[in-house]
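Engineer: So I've got this file, query31.tsv, and it contains TSV, C-alpha atoms:
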```tsv
chain	number	residue	atom	x	y	z
A	94	MET	CA	121.86	75.87	126.71
A	95	ARG	CA	118.30	75.57	128.07
A	96	ASN	CA	117.05	78.07	125.48
A	97	LEU	CA	118.71	76.05	122.75
A	98	ALA	CA	116.93	72.91	123.94
A	99	VAL	CA	113.57	74.74	123.95
A	100	LEU	CA	114.23	76.08	120.44
A	101	THR	CA	115.15	72.61	119.18
A	102	LEU	CA	111.95	71.21	120.69
A	103	LEU	CA	109.82	73.94	119.12
A	104	ALA	CA	111.51	73.46	115.74
A	105	SER	CA	110.97	69.70	115.75
A	106	ALA	CA	107.31	70.16	116.73
A	107	ALA	CA	106.83	72.67	113.91
A	108	PHE	CA	108.34	70.30	111.36
A	109	ALA	CA	106.44	67.24	112.55
A	110	GLY	CA	103.19	68.34	110.85
A	111	PRO	CA	100.11	66.17	110.35
A	112	THR	CA	100.54	62.49	109.48
A	113	ASP	CA	99.50	61.12	106.07
A	114	VAL	CA	96.24	59.73	107.45
A	115	GLU	CA	95.39	63.06	109.12
A	116	ARG	CA	95.93	64.80	105.79
A	117	PHE	CA	93.41	62.42	104.17
A	118	SER	CA	91.02	62.90	107.04
A	119	SER	CA	91.12	66.69	106.94
A	120	VAL	CA	90.12	67.01	103.28
A	121	SER	CA	87.32	64.42	103.32
A	122	HIS	CA	83.60	64.89	103.97
A	123	TRP	CA	82.43	62.37	106.52
A	124	LEU	CA	78.98	60.85	106.47
A	125	GLY	CA	77.27	59.82	109.68
A	126	PRO	CA	78.98	60.86	112.92
A	127	ASP	CA	82.27	62.61	112.15
A	128	VAL	CA	85.48	60.67	112.58
A	129	LYS	CA	88.15	62.94	113.98
A	130	PRO	CA	91.78	62.47	112.86
A	131	ALA	CA	92.53	61.53	116.48
A	132	ASP	CA	90.17	58.54	116.16
A	133	LEU	CA	92.48	57.06	113.52
A	134	VAL	CA	95.67	57.40	115.54
A	135	GLY	CA	97.13	54.04	116.51
A	136	LYS	CA	95.08	52.15	113.92
A	137	VAL	CA	95.85	50.57	110.58
A	138	VAL	CA	93.57	52.42	108.15
A	139	LEU	CA	92.36	51.08	104.82
A	140	VAL	CA	90.76	53.57	102.46
A	141	GLU	CA	88.87	52.18	99.51
A	142	ILE	CA	87.82	54.70	96.91
A	143	TRP	CA	84.67	53.42	95.28
A	144	GLY	CA	81.98	54.44	92.84
A	145	LYS	CA	78.70	53.32	91.34
B	102	MET	CA	85.30	45.06	102.61
B	103	VAL	CA	82.48	45.32	105.15
B	104	GLY	CA	83.21	41.65	105.90
B	105	LEU	CA	86.84	42.60	106.57
B	106	ALA	CA	85.74	45.33	109.01
B	107	LYS	CA	83.51	42.81	110.81
B	108	ARG	CA	86.33	40.24	110.99
B	109	LEU	CA	88.68	42.85	112.46
B	110	GLU	CA	86.27	44.39	114.98
B	111	GLY	CA	88.12	45.05	118.22
B	112	LYS	CA	91.49	45.16	116.40
B	113	PRO	CA	93.36	48.44	115.75
B	114	PHE	CA	91.79	48.81	112.32
B	115	HIS	CA	89.51	51.30	110.58
B	116	LEU	CA	87.95	51.01	107.14
B	117	ILE	CA	87.04	54.13	105.20
B	118	ALA	CA	84.88	53.75	102.11
B	119	ALA	CA	85.35	56.97	100.13
B	120	PHE	CA	82.65	57.51	97.51
B	121	ASN	CA	84.23	59.50	94.69
B	122	GLN	CA	81.72	59.67	91.86
B	123	ASP	CA	78.66	61.78	91.03
B	124	GLY	CA	75.87	61.80	93.57
B	125	THR	CA	74.93	63.81	96.64
B	126	LYS	CA	75.68	62.90	100.23
B	127	GLU	CA	71.99	61.97	100.57
B	128	TRP	CA	72.23	59.66	97.56
B	129	VAL	CA	75.20	57.82	99.10
B	130	GLU	CA	73.41	57.46	102.44
B	131	GLY	CA	70.26	56.21	100.70
B	132	TYR	CA	72.31	53.73	98.64
B	133	LEU	CA	74.04	52.34	101.74
B	134	ARG	CA	70.79	51.98	103.65
B	135	GLY	CA	69.33	50.23	100.64
B	136	LYS	CA	72.11	47.67	101.13
B	137	GLY	CA	71.31	47.44	104.83
B	138	LEU	CA	74.44	49.40	105.88
B	139	ALA	CA	74.75	52.46	108.10
B	140	PRO	CA	77.27	55.15	107.07
B	141	SER	CA	79.10	54.56	110.31
B	142	ALA	CA	79.97	51.52	112.46
B	143	PRO	CA	82.68	51.21	115.16
B	144	ASN	CA	85.44	50.60	112.62
B	145	PHE	CA	83.78	51.46	109.33
B	146	THR	CA	82.98	54.93	108.00
B	147	VAL	CA	81.88	56.32	104.68
B	148	THR	CA	83.05	59.61	103.22
B	149	LYS	CA	81.85	61.53	100.22
B	150	GLY	CA	84.65	62.83	98.05
B	151	GLY	CA	87.52	61.51	100.18
B	152	ARG	CA	90.96	62.11	98.77
B	153	HIS	CA	94.61	62.42	99.75
B	154	PRO	CA	96.63	65.42	98.54
B	155	ASP	CA	99.58	63.17	97.52
B	156	VAL	CA	97.61	60.38	95.85
B	157	LYS	CA	96.56	60.96	92.28
B	158	GLY	CA	95.52	57.39	91.35
B	159	ASN	CA	94.78	56.73	87.68
B	160	GLY	CA	91.20	57.91	87.52
B	161	TYR	CA	89.63	54.47	87.95
B	162	VAL	CA	87.82	53.00	90.94
B	163	PRO	CA	88.13	51.02	93.11
B	164	TYR	CA	91.45	52.32	94.37
B	165	TYR	CA	92.95	51.73	97.81
B	166	MET	CA	95.36	53.33	100.28
B	167	VAL	CA	96.74	51.63	103.40
B	168	PHE	CA	98.11	53.62	106.36
B	169	ASP	CA	100.05	52.03	109.22
B	170	HIS	CA	99.26	52.70	112.90
B	171	THR	CA	101.64	55.68	112.94
B	172	GLY	CA	99.55	57.34	110.21
B	173	LYS	CA	102.09	56.79	107.42
B	174	LEU	CA	100.81	55.96	103.92
B	175	VAL	CA	102.39	52.57	103.20
B	176	GLN	CA	100.72	51.46	99.97
B	177	GLU	CA	98.34	52.77	97.31
B	178	HIS	CA	97.11	50.85	94.26
B	179	MET	CA	94.20	49.98	92.01
B	180	CYS	CA	92.15	47.08	93.31
B	181	GLY	CA	89.74	44.80	91.47
B	182	SER	CA	91.08	42.64	88.68
B	183	TYR	CA	90.99	45.19	85.89
B	184	HIS	CA	92.89	48.38	84.91
B	185	GLY	CA	96.01	46.85	86.47
B	186	GLY	CA	94.41	46.21	89.88
B	187	ASP	CA	96.10	43.83	92.30
B	188	GLY	CA	92.89	42.13	93.49
B	189	LEU	CA	92.60	41.73	97.24
B	190	LYS	CA	96.27	42.47	97.98
B	191	MET	CA	95.09	45.24	100.32
B	192	ILE	CA	93.88	42.59	102.80
B	193	GLU	CA	97.42	41.12	102.91
B	194	TRP	CA	98.76	44.63	103.62
B	195	VAL	CA	96.27	45.16	106.44
B	196	ASP	CA	97.03	41.77	108.06
B	197	LYS	CA	100.79	42.43	107.78
B	198	LEU	CA	100.57	45.94	109.30
B	199	LEU	CA	98.27	44.79	112.12
B	200	LYS	CA	101.07	42.56	113.42
B	201	GLY	CA	103.07	45.70	114.31
B	202	ALA	CA	100.18	47.71	115.76
B	203	PRO	CA	99.61	47.88	119.53
B	204	ASP	CA	96.25	46.69	120.91
B	205	ILE	CA	93.54	49.23	120.20
B	206	TYR	CA	92.26	49.51	123.75
B	207	LEU	CA	95.28	48.59	125.87
B	208	GLY	CA	98.10	50.24	123.94
B	209	LYS	CA	101.62	48.96	124.43
B	210	GLY	CA	102.89	46.66	127.21
B	211	PRO	CA	104.81	45.44	129.13
B	212	TRP	CA	102.25	44.71	131.85
B	213	GLY	CA	104.57	43.42	134.58
B	214	ASP	CA	102.82	40.93	136.88
B	215	TYR	CA	99.55	41.44	135.01
B	216	ASP	CA	100.65	40.22	131.58
B	217	GLU	CA	98.36	37.19	131.76
B	218	PHE	CA	95.37	39.46	132.45
B	219	ALA	CA	96.34	41.78	129.58
B	220	GLN	CA	96.38	38.79	127.21
B	221	GLN	CA	92.99	37.69	128.52
B	222	VAL	CA	91.56	41.19	127.96
B	223	MET	CA	93.01	41.33	124.42
B	224	ARG	CA	91.40	37.97	123.58
B	225	LYS	CA	88.11	39.15	125.19
B	226	LYS	CA	87.81	35.72	126.76
B	227	ASN	CA	86.36	35.50	130.30
B	228	LEU	CA	86.63	39.28	130.45
B	229	ASP	CA	84.45	39.48	133.57
B	230	ALA	CA	86.75	37.16	135.55
B	231	ALA	CA	89.85	39.21	134.61
B	232	VAL	CA	88.15	42.53	135.39
B	233	LEU	CA	86.90	41.30	138.78
B	234	VAL	CA	90.51	40.57	139.81
B	235	LEU	CA	91.89	43.79	138.30
B	236	GLU	CA	89.30	45.98	140.03
B	237	LYS	CA	90.71	44.87	143.40
B	238	GLN	CA	94.26	46.00	142.49
B	239	THR	CA	95.90	49.39	142.95
B	240	ASP	CA	99.02	48.71	140.87
B	241	GLY	CA	99.62	51.05	137.89
B	242	ASP	CA	99.78	48.21	135.34
B	243	ALA	CA	96.45	46.79	136.51
B	244	LEU	CA	94.84	50.23	136.34
B	245	ARG	CA	96.19	50.77	132.80
B	246	ILE	CA	94.58	47.51	131.70
B	247	LEU	CA	91.29	48.58	133.30
B	248	ASP	CA	91.49	51.88	131.39
B	249	GLY	CA	91.72	49.81	128.20
B	250	VAL	CA	88.65	47.78	129.16
B	251	ARG	CA	86.83	51.05	129.88
B	252	ARG	CA	87.70	52.32	126.39
B	253	TYR	CA	86.37	49.04	124.92
B	254	ARG	CA	83.14	49.33	126.92
B	255	ASP	CA	82.66	53.01	126.00
B	256	GLN	CA	83.09	52.27	122.32
B	257	LYS	CA	80.42	49.55	122.50
B	258	LEU	CA	78.09	51.96	124.33
B	259	ALA	CA	78.67	54.66	121.71
B	260	TYR	CA	78.02	52.13	118.94
B	261	ALA	CA	74.75	51.08	120.60
B	262	GLN	CA	73.70	54.76	120.72
B	263	SER	CA	74.52	55.26	117.03
B	264	LEU	CA	72.39	52.19	116.12
B	265	LEU	CA	69.28	53.95	117.44
B	266	ALA	CA	69.37	55.95	114.20
B	267	SER	CA	69.89	53.05	111.82
B	268	ASP	CA	68.92	49.72	113.35
B	269	PRO	CA	67.13	50.14	116.71
B	270	ALA	CA	66.33	46.41	116.90
B	271	ALA	CA	70.09	45.69	117.13
B	272	VAL	CA	70.72	48.08	120.06
B	273	VAL	CA	69.53	45.64	122.72
B	274	GLY	CA	71.81	42.94	121.29
B	275	VAL	CA	74.92	45.15	121.50
B	276	LEU	CA	74.10	46.24	125.06
B	277	LYS	CA	73.36	42.67	126.12
B	278	SER	CA	76.68	41.52	124.73
B	279	ILE	CA	78.79	44.13	126.58
B	280	ALA	CA	76.73	43.83	129.78
B	281	GLY	CA	77.25	40.05	129.63
B	282	GLU	CA	80.99	40.36	129.02
B	283	LEU	CA	81.37	42.58	132.09
B	284	LYS	CA	78.70	40.94	134.28
B	285	GLY	CA	79.19	41.48	138.02
B	286	THR	CA	82.01	44.05	137.59
B	287	LYS	CA	81.97	47.77	138.39
B	288	LEU	CA	82.65	48.52	134.72
B	289	GLY	CA	79.62	46.43	133.79
B	290	ALA	CA	77.20	48.50	135.89
B	291	GLU	CA	76.60	51.16	133.24
B	292	PRO	CA	75.81	48.84	130.30
B	293	ALA	CA	73.49	46.82	132.59
B	294	GLU	CA	71.70	49.99	133.68
B	295	GLN	CA	71.34	51.26	130.08
B	296	LEU	CA	70.02	47.85	129.01
B	297	ALA	CA	67.41	47.74	131.77
B	298	LYS	CA	66.19	51.26	130.90
B	299	LEU	CA	66.07	50.52	127.20
B	300	GLU	CA	64.18	47.27	127.58
B	301	GLN	CA	61.35	49.17	129.26
B	302	SER	CA	61.44	52.11	126.89
B	303	ALA	CA	58.27	52.76	124.89
B	304	ASP	CA	60.32	54.90	122.50
B	305	LEU	CA	62.51	51.92	121.58
B	306	LYS	CA	59.49	49.73	120.85
B	307	ASP	CA	58.11	52.54	118.72
B	308	ALA	CA	61.46	53.00	116.90
B	309	ILE	CA	61.71	49.25	116.15
B	310	LYS	CA	58.21	49.23	114.63
B	311	ILE	CA	58.99	52.35	112.54
B	312	ALA	CA	62.34	50.93	111.36
B	313	LYS	CA	60.62	47.71	110.27
B	314	LYS	CA	58.01	49.62	108.28
B	315	PHE	CA	60.75	51.84	106.81
B	316	ALA	CA	62.77	48.82	105.65
B	317	ALA	CA	59.69	47.27	104.02
B	318	ALA	CA	58.73	50.53	102.29
B	319	ARG	CA	62.29	50.99	101.04
B	320	LYS	CA	62.41	47.44	99.71
B	321	ARG	CA	59.16	47.95	97.78
B	322	LEU	CA	60.26	51.32	96.48
B	323	GLU	CA	63.69	50.26	95.34
B	324	ARG	CA	62.54	47.26	93.34
B	325	CYS	CA	63.24	48.57	89.86
B	326	LYS	CA	60.63	47.83	87.23
B	327	CYS	CA	61.57	49.55	84.09
B	328	CYS	CA	64.28	52.02	83.25
B	329	LYS	CA	66.91	51.35	80.61
B	330	PRO	CA	70.09	52.07	82.62
B	331	CYS	CA	69.00	49.55	85.26
B	332	LYS	CA	68.04	46.90	82.70
B	333	ARG	CA	71.54	47.09	81.31
B	334	THR	CA	73.04	46.36	84.71
B	335	GLU	CA	72.40	42.72	85.33
B	336	GLY	CA	71.27	41.91	88.83
B	337	LEU	CA	70.70	45.51	89.90
B	338	ARG	CA	67.16	45.78	91.16
B	339	THR	CA	67.10	49.17	92.87
B	340	ILE	CA	65.92	52.58	91.74
B	341	ARG	CA	68.97	54.62	90.91
B	342	LEU	CA	68.12	57.86	92.64
B	343	GLY	CA	70.88	59.61	90.70
B	344	CYS	CA	69.36	58.47	87.36
B	345	ALA	CA	66.80	60.89	85.89
B	346	THR	CA	65.21	58.20	83.66
B	347	CYS	CA	64.78	55.85	86.58
B	348	ARG	CA	63.26	58.57	88.75
B	349	ALA	CA	60.88	59.63	85.97
B	350	ASP	CA	59.80	56.02	85.30
B	351	ASN	CA	59.07	55.52	89.00
B	352	LYS	CA	57.49	58.92	89.61
B	353	VAL	CA	54.22	57.54	90.97
B	354	ALA	CA	55.93	55.01	93.24
B	355	LEU	CA	58.27	57.72	94.55
B	356	LYS	CA	55.41	60.10	95.32
B	357	ARG	CA	53.41	57.40	97.10
B	358	ALA	CA	56.41	56.26	99.14
B	359	LYS	CA	57.30	59.81	100.16
B	360	LYS	CA	53.78	60.41	101.47
B	361	LYS	CA	53.78	57.15	103.40
B	362	LEU	CA	57.23	57.71	104.93
B	363	ALA	CA	56.41	61.31	105.92
B	364	LYS	CA	53.31	60.03	107.76
B	365	LEU	CA	55.40	57.36	109.48
B	366	VAL	CA	57.64	59.94	111.22
B	367	GLU	CA	54.96	62.54	111.90
B	368	GLY	CA	55.27	63.75	115.52
B	369	LYS	CA	58.22	61.40	116.16
B	370	ASP	CA	61.00	64.01	116.09
B	371	GLN	CA	62.45	62.68	119.36
B	372	LEU	CA	63.41	59.36	117.74
B	373	PRO	CA	66.84	59.14	116.03
B	374	ILE	CA	65.36	56.79	113.38
B	375	ALA	CA	63.00	59.62	112.37
B	376	LYS	CA	66.04	61.73	111.37
B	377	THR	CA	67.32	58.85	109.25
B	378	ILE	CA	63.97	58.54	107.48
B	379	GLN	CA	63.85	62.30	106.99
B	380	SER	CA	67.31	62.20	105.38
B	381	TYR	CA	66.16	59.34	103.11
B	382	LEU	CA	63.07	61.38	102.20
B	383	ASN	CA	65.31	64.30	101.24
B	384	SER	CA	67.31	61.97	98.99
B	385	LEU	CA	64.11	61.11	97.11
B	386	GLY	CA	63.91	64.75	96.03
```
Render the structure in this file as structure tokens.
Structural biologist:
Amino acid sequence: MRNLAVLTLLASAAFAGPTDVERFSSVSHWLGPDVKPADLVGKVVLVEIWGK
Amino acid sequence: MVGLAKRLEGKPFHLIAAFNQDGTKEWVEGYLRGKGLAPSAPNFTVTKGGRHPDVKGNGYVPYYMVFDHTGKLVQEHMCGSYHGGDGLKMIEWVDKLLKGAPDIYLGKGPWGDYDEFAQQVMRKKNLDAAVLVLEKQTDGDALRILDGVRRYRDQKLAYAQSLLASDPAAVVGVLKSIAGELKGTKLGAEPAEQLAKLEQSADLKDAIKIAKKFAAARKRLERCKCCKPCKRTEGLRTIRLGCATCRADNKVALKRAKKKLAKLVEGKDQLPIAKTIQSYLNSLG
């Protein structure tokens, strides 16, 4: 029973994966001091894609 | 959008301006500095080529994405008033989502007997008086609130450090503000100490002078005189560093400015502002 609980925990952790904002963060090139995905946790994040 | 970031400073909010058109990282940094903005502030960061694997957009900018505090993408849309954009709807999304987000520094309550102090800390009103009481407590809730205040203080200190590279004259103001908010408390000792050291620092005085000269040189340099692409853009008065015509038309001014700026930072490698000027010099080609 204990093994089953451990397996369930491992499986759920494996499926959790990165959040949407972490996926944005990991493919972007930051200017200035880097912002780590962890810095965005717990915050509402607005991304504005802009150009010239 | 920078105004939005300023309005929401201290709230659980972060603005990312993702530049997604032609131009090098140096060009983007030079452009921002030309507008008086640093690429990074406490709740505002710029990226070059930022994208989300699931968001395809429609090829036009500006385009926005809003994520809630759990990291979930809640909305994506064109902004502006053209190409089907929904104007400033993104601000409504942000305000709506902020209502469900826990305080950035304190996290989630309840705070037991210390709820009144937690509210006071969240409002940042009479922070010193609340902290003085909390620092005498040993209760877990009180200590959790103090941890939140420490996070707030540390973020201000880190922001002050980052300003040394972009706006050294503003550093003293940021330190004074946090030292004043926490005056007489144990948590306020570090900002007060950093402020005292900085006010006597010859390097800071030097950096402020250099930054002032840099801003003036940049202003002179980026006052566009001639090229066709700029003339077509009403109101734009800067050299477009990404525009070959503009660069060629301002060749002499560019060369003169580069020489002057290089001399300005000669032997000043220890100053963070020197690195900024060096990066601007690189963007001039």
Engineer: Need to verify the contact set: Gly186 of chain B, 10 Å, only C-alpha atoms, exclusion of same-chain residues closer than 4 positions in sequence. Can you return it as number ranges by chain?
Structural biologist: B: 161-165, 178-182, 190
Engineer: Write a file of the selected residues as a compact mmCIF listing (two decimals), in the coordinates of the input, keeping C-alpha atoms.
Structural biologist:
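File written: out_35.txt
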```
# COMPACT_ATOMS: atom_id res chain seq x y z
CA TYR B 161 89.63 54.47 87.95
CA VAL B 162 87.82 53.00 90.94
CA PRO B 163 88.13 51.02 93.11
CA TYR B 164 91.45 52.32 94.37
CA TYR B 165 92.95 51.73 97.81
CA HIS B 178 97.11 50.85 94.26
CA MET B 179 94.20 49.98 92.01
CA CYS B 180 92.15 47.08 93.31
CA GLY B 181 89.74 44.80 91.47
CA SER B 182 91.08 42.64 88.68
CA LYS B 190 96.27 42.47 97.98
```
Engineer: Based on only C-alpha atoms, which of the residues in chain B come within 9 Å of chain A? I want them as a short mmCIF file (atom, residue, chain, number, x, y, z; two decimals) with C-alpha atoms, keeping the file's coordinate frame.
Structural biologist:
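This is the output file iface.cif:
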```cif
data_model
loop_
_atom_site.label_atom_id
_atom_site.label_comp_id
_atom_site.auth_asym_id
_atom_site.auth_seq_id
_atom_site.Cartn_x
_atom_site.Cartn_y
_atom_site.Cartn_z
CA MET B 102 85.30 45.06 102.61
CA LYS B 112 91.49 45.16 116.40
CA PRO B 113 93.36 48.44 115.75
CA PHE B 114 91.79 48.81 112.32
CA HIS B 115 89.51 51.30 110.58
CA LEU B 116 87.95 51.01 107.14
CA ILE B 117 87.04 54.13 105.20
CA ALA B 118 84.88 53.75 102.11
CA ALA B 119 85.35 56.97 100.13
CA PHE B 120 82.65 57.51 97.51
CA ASN B 121 84.23 59.50 94.69
CA GLN B 122 81.72 59.67 91.86
CA ASP B 123 78.66 61.78 91.03
CA LYS B 126 75.68 62.90 100.23
CA VAL B 129 75.20 57.82 99.10
CA GLU B 130 73.41 57.46 102.44
CA ALA B 139 74.75 52.46 108.10
CA PRO B 140 77.27 55.15 107.07
CA SER B 141 79.10 54.56 110.31
CA THR B 146 82.98 54.93 108.00
CA VAL B 147 81.88 56.32 104.68
CA THR B 148 83.05 59.61 103.22
CA LYS B 149 81.85 61.53 100.22
CA GLY B 150 84.65 62.83 98.05
CA GLY B 151 87.52 61.51 100.18
CA ARG B 152 90.96 62.11 98.77
CA HIS B 153 94.61 62.42 99.75
CA PRO B 154 96.63 65.42 98.54
CA ASP B 155 99.58 63.17 97.52
CA TYR B 161 89.63 54.47 87.95
CA VAL B 162 87.82 53.00 90.94
CA PRO B 163 88.13 51.02 93.11
CA TYR B 164 91.45 52.32 94.37
CA TYR B 165 92.95 51.73 97.81
CA MET B 166 95.36 53.33 100.28
CA VAL B 167 96.74 51.63 103.40
CA PHE B 168 98.11 53.62 106.36
CA ASP B 169 100.05 52.03 109.22
CA HIS B 170 99.26 52.70 112.90
CA THR B 171 101.64 55.68 112.94
CA GLY B 172 99.55 57.34 110.21
CA LYS B 173 102.09 56.79 107.42
CA LEU B 174 100.81 55.96 103.92
CA CYS B 180 92.15 47.08 93.31
CA MET B 191 95.09 45.24 100.32
CA ILE B 192 93.88 42.59 102.80
CA VAL B 195 96.27 45.16 106.44
CA LEU B 198 100.57 45.94 109.30
CA LEU B 199 98.27 44.79 112.12
CA ALA B 202 100.18 47.71 115.76
CA PRO B 203 99.61 47.88 119.53
CA ASP B 204 96.25 46.69 120.91
CA ILE B 205 93.54 49.23 120.20
CA GLY B 208 98.10 50.24 123.94
CA SER B 263 74.52 55.26 117.03
#
```
Engineer: Provide the atom CA of Asp370 of chain B to atom CA of Lys356 of chain B distance in Å, to one decimal place.
Structural biologist: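 Calculated distance between atom CA of Asp370 of chain B and atom CA of Lys356 of chain B is 21.9 Å.
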Engineer: Specify the axis-aligned box that encloses all atoms of segment 251-256 of chain B listed in the file after padding of 3 Å on each side, stating its centre and edge lengths in Å to one decimal as lines of an AutoDock Vina configuration file.
Structural biologist:
```
center_x = 85.2
center_y = 51.0
center_z = 126.1
size_x = 11.0
size_y = 10.0
size_z = 13.6
```
Engineer: Applying 12 Å and only C-alpha atoms, which residues near Lys360 of chain B remain after dropping the ones on its own chain fewer than 6 positions away? List them as a list in words.
Structural biologist: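 Near neighbours after the sequence-gap exclusion: Ala318, Val353, Ala354, Val366, Glu367, Ile378, Gln379, Leu382 and Leu385 of chain B.
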Engineer: How would you write as a list of chain:residue names the residues that get within 12 Å of (55.3, 50.6, 103.5) in the file's frame, counting only C-alpha atoms?
Structural biologist: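 Within 12 Å of (55.3, 50.6, 103.5), the protein and nucleic acid residues are B:Lys310, B:Ile311, B:Ala312, B:Lys313, B:Lys314, B:Phe315, B:Ala316, B:Ala317, B:Ala318, B:Arg319, B:Lys320, B:Arg321, B:Leu322, B:Glu323, B:Ala354, B:Leu355, B:Arg357, B:Ala358, B:Lys359, B:Lys360, B:Lys361, B:Leu362, B:Ala363, B:Lys364, B:Leu365.
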Engineer: Work out how far apart atom CA of Leu288 of chain B and atom CA of Ala271 of chain B are and give it in Å to one decimal.
Structural biologist: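 Atom-to-atom, atom CA of Leu288 of chain B and atom CA of Ala271 of chain B are spaced 21.8 Å apart.
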Engineer: Atom CA of Glu236 of chain B and atom CA of Glu294 of chain B, how far apart in Å?
Structural biologist: 19.1 Å
Engineer: Give the answer as one residue: which of B:Gly188, B:Glu282, B:Val272, B:Trp212 has the shortest atom-to-atom distance to Arg224 of chain B, using only C-alpha atoms?
Structural biologist: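 Of all the options, B:Glu282 lies closest to Arg224 of chain B.
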